[in-house]
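Inspection log for the structure reproduced underneath, given as structure tokens.
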Amino acid sequence: NIRRLPVSLGCIWCQGVEVTGLHFFSLAMEMPIASIIQGVRSNAFYGASSKIFPQNVDPLKMCSFPGRFSWHPACMSVAVCFCMTEAILTFSKDSSPFFCCSVTAKVRLHWIMQVLATIIGSIGLVFIVSSKNISESPHLTSWHSILGIGTVIAVGGQLLCGLCLLFPKLINTYSVARLRLYHATCGLLAYLMAVATAMLGLCSDWFKAQVNTVVWYLCVITLLIPALVIMNQVNSGYLSKKKIEV
């Protein structure tokens, strides 16, 4: 009772259940993963799927790769566009809903949002690495992935710097003010690297195939406007003061 389907539709049948794209993961929430794999790799399935898929194509890879991959841009968008952006804007007097909070509360909100950004971003990184491994695709073959690795390293350095500021007893008291300046300026650079990485993701063939031109430009504007606001915030709050002191 398995219908003949074009490969371009990306549809498969697991134990009589039609699975396509992200539906595979919703199905996995209800059925044991081992049972799904056993059903996909059963002789009965392969005997019937030989009429649908070429012999050198593994249906399991075809169903798992799109679902895993789609979680990568979702997680990274939440991490960069929401968590990381709001963490920096927490200290803004004009662009934050927490402008009336104390400095201590703003600092606490800042590192909470940054920790959330790190966790969600790490989940997105795991999904893209696993999807690449499943599809047997090479890693670091685009500017998006190369700049993304650089962004991960930069954010990791900022996390260490933030920990030193959160626990100033770990460093000399004299170095706290200078380290705060470095944390703000280098943090701006790390954020701009994250925005540039997201922009390269928007320019990928995969993303352009998912949205129309209007939505694509809206996504670009959604990335650029917060970046410009944050650049002005850091420049007016730290860099301009440093120039006056010099």
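Each chain in the structure tokens gets a letter, A, B, ..., in the order shown, and its residues are numbered from 1; ligands are numbered from 1 in order too.
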Would you return as a PyMOL selection string the members of stretch 113-229 of chain A that DSSP assigns to alpha helix (DSSP H) on this structure's backbone? chain A and resi 113-135+143-166+176-202+205-210+213-229
Quick one: contact table of stretch 167-235 of chain A to stretch 86-109 of chain A, 9 Å max, nearest atom pair and distance in Å to one decimal per residue, counting only C-alpha atoms, chain and number order, as a Markdown table?
```
| residue | atom | partner | partner_atom | distance |
| --- | --- | --- | --- | --- |
| A:Gly187 | CA | A:Ile88 | CA | 8.9 |
| A:Leu188 | CA | A:Ile88 | CA | 8.8 |
| A:Pro226 | CA | A:Leu89 | CA | 8.8 |
| A:Val229 | CA | A:Ser95 | CA | 8.2 |
| A:Ile230 | CA | A:Leu89 | CA | 6.9 |
| A:Gln233 | CA | A:Ser92 | CA | 6.6 |
```
Could those residues be written to a file, using N, CA and C atoms, as a compact mmCIF listing (two decimals), in the first residue's frame?
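Full text of out_9.txt as output:
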```txt
# COMPACT_ATOMS: atom_id res chain seq x y z
N GLY A 187 32.77 42.92 22.62
CA GLY A 187 31.43 42.35 22.55
C GLY A 187 30.66 42.88 21.35
N LEU A 188 30.86 44.18 21.05
CA LEU A 188 30.24 44.75 19.85
C LEU A 188 30.76 44.06 18.60
N PRO A 226 18.67 46.65 14.61
CA PRO A 226 19.24 46.47 15.95
C PRO A 226 20.75 46.62 15.98
N VAL A 229 21.53 50.29 16.09
CA VAL A 229 21.20 50.83 17.41
C VAL A 229 22.26 50.46 18.44
N ILE A 230 22.70 49.21 18.39
CA ILE A 230 23.72 48.75 19.35
C ILE A 230 25.06 49.42 19.09
N GLN A 233 24.81 52.72 20.63
CA GLN A 233 24.80 52.61 22.08
C GLN A 233 26.20 52.42 22.64
```
Just how far from atom CA of A:Ile153 is atom CA of A:Arg68, in Å to one decimal?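 Separation between atom CA of A:Arg68 and atom CA of A:Ile153: 23.2 Å.
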Show which residues sit within 10 Å of A:Gly237, as a short mmCIF file (atom, residue, chain, number, x, y, z; two decimals) with N, CA, C and O atoms, in the first residue's frame. Count only C-alpha atoms, and ignore same-chain residues fewer than 5 positions away.
```
data_model
loop_
_atom_site.label_atom_id
_atom_site.label_comp_id
_atom_site.auth_asym_id
_atom_site.auth_seq_id
_atom_site.Cartn_x
_atom_site.Cartn_y
_atom_site.Cartn_z
N PHE A 91 21.23 47.62 28.60
CA PHE A 91 21.91 48.80 29.15
C PHE A 91 21.55 50.09 28.43
O PHE A 91 22.08 51.14 28.76
N SER A 92 20.68 50.00 27.42
CA SER A 92 20.28 51.20 26.68
C SER A 92 19.22 51.98 27.45
O SER A 92 18.29 51.39 28.01
N LEU A 181 35.71 48.14 29.47
CA LEU A 181 35.79 48.79 28.17
C LEU A 181 36.09 47.77 27.07
O LEU A 181 35.44 47.79 26.01
N ALA A 184 33.01 45.67 26.32
CA ALA A 184 31.99 46.35 25.53
C ALA A 184 32.39 46.44 24.06
O ALA A 184 31.58 46.15 23.17
N MET A 231 25.42 49.60 17.82
CA MET A 231 26.66 50.32 17.50
C MET A 231 26.63 51.73 18.09
O MET A 231 27.61 52.19 18.68
N ASN A 232 25.51 52.43 17.94
CA ASN A 232 25.38 53.78 18.49
C ASN A 232 25.42 53.74 20.02
O ASN A 232 26.02 54.62 20.66
N LYS A 242 36.03 57.24 26.07
CA LYS A 242 37.44 56.90 26.00
C LYS A 242 38.21 57.95 25.19
O LYS A 242 39.33 58.33 25.56
#
```
Report, in Å with one decimal, the straight-line distance from atom CA of A:Leu116 to atom CA of A:Val234.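 Separation of atom CA of A:Leu116 and atom CA of A:Val234: 21.6 Å.
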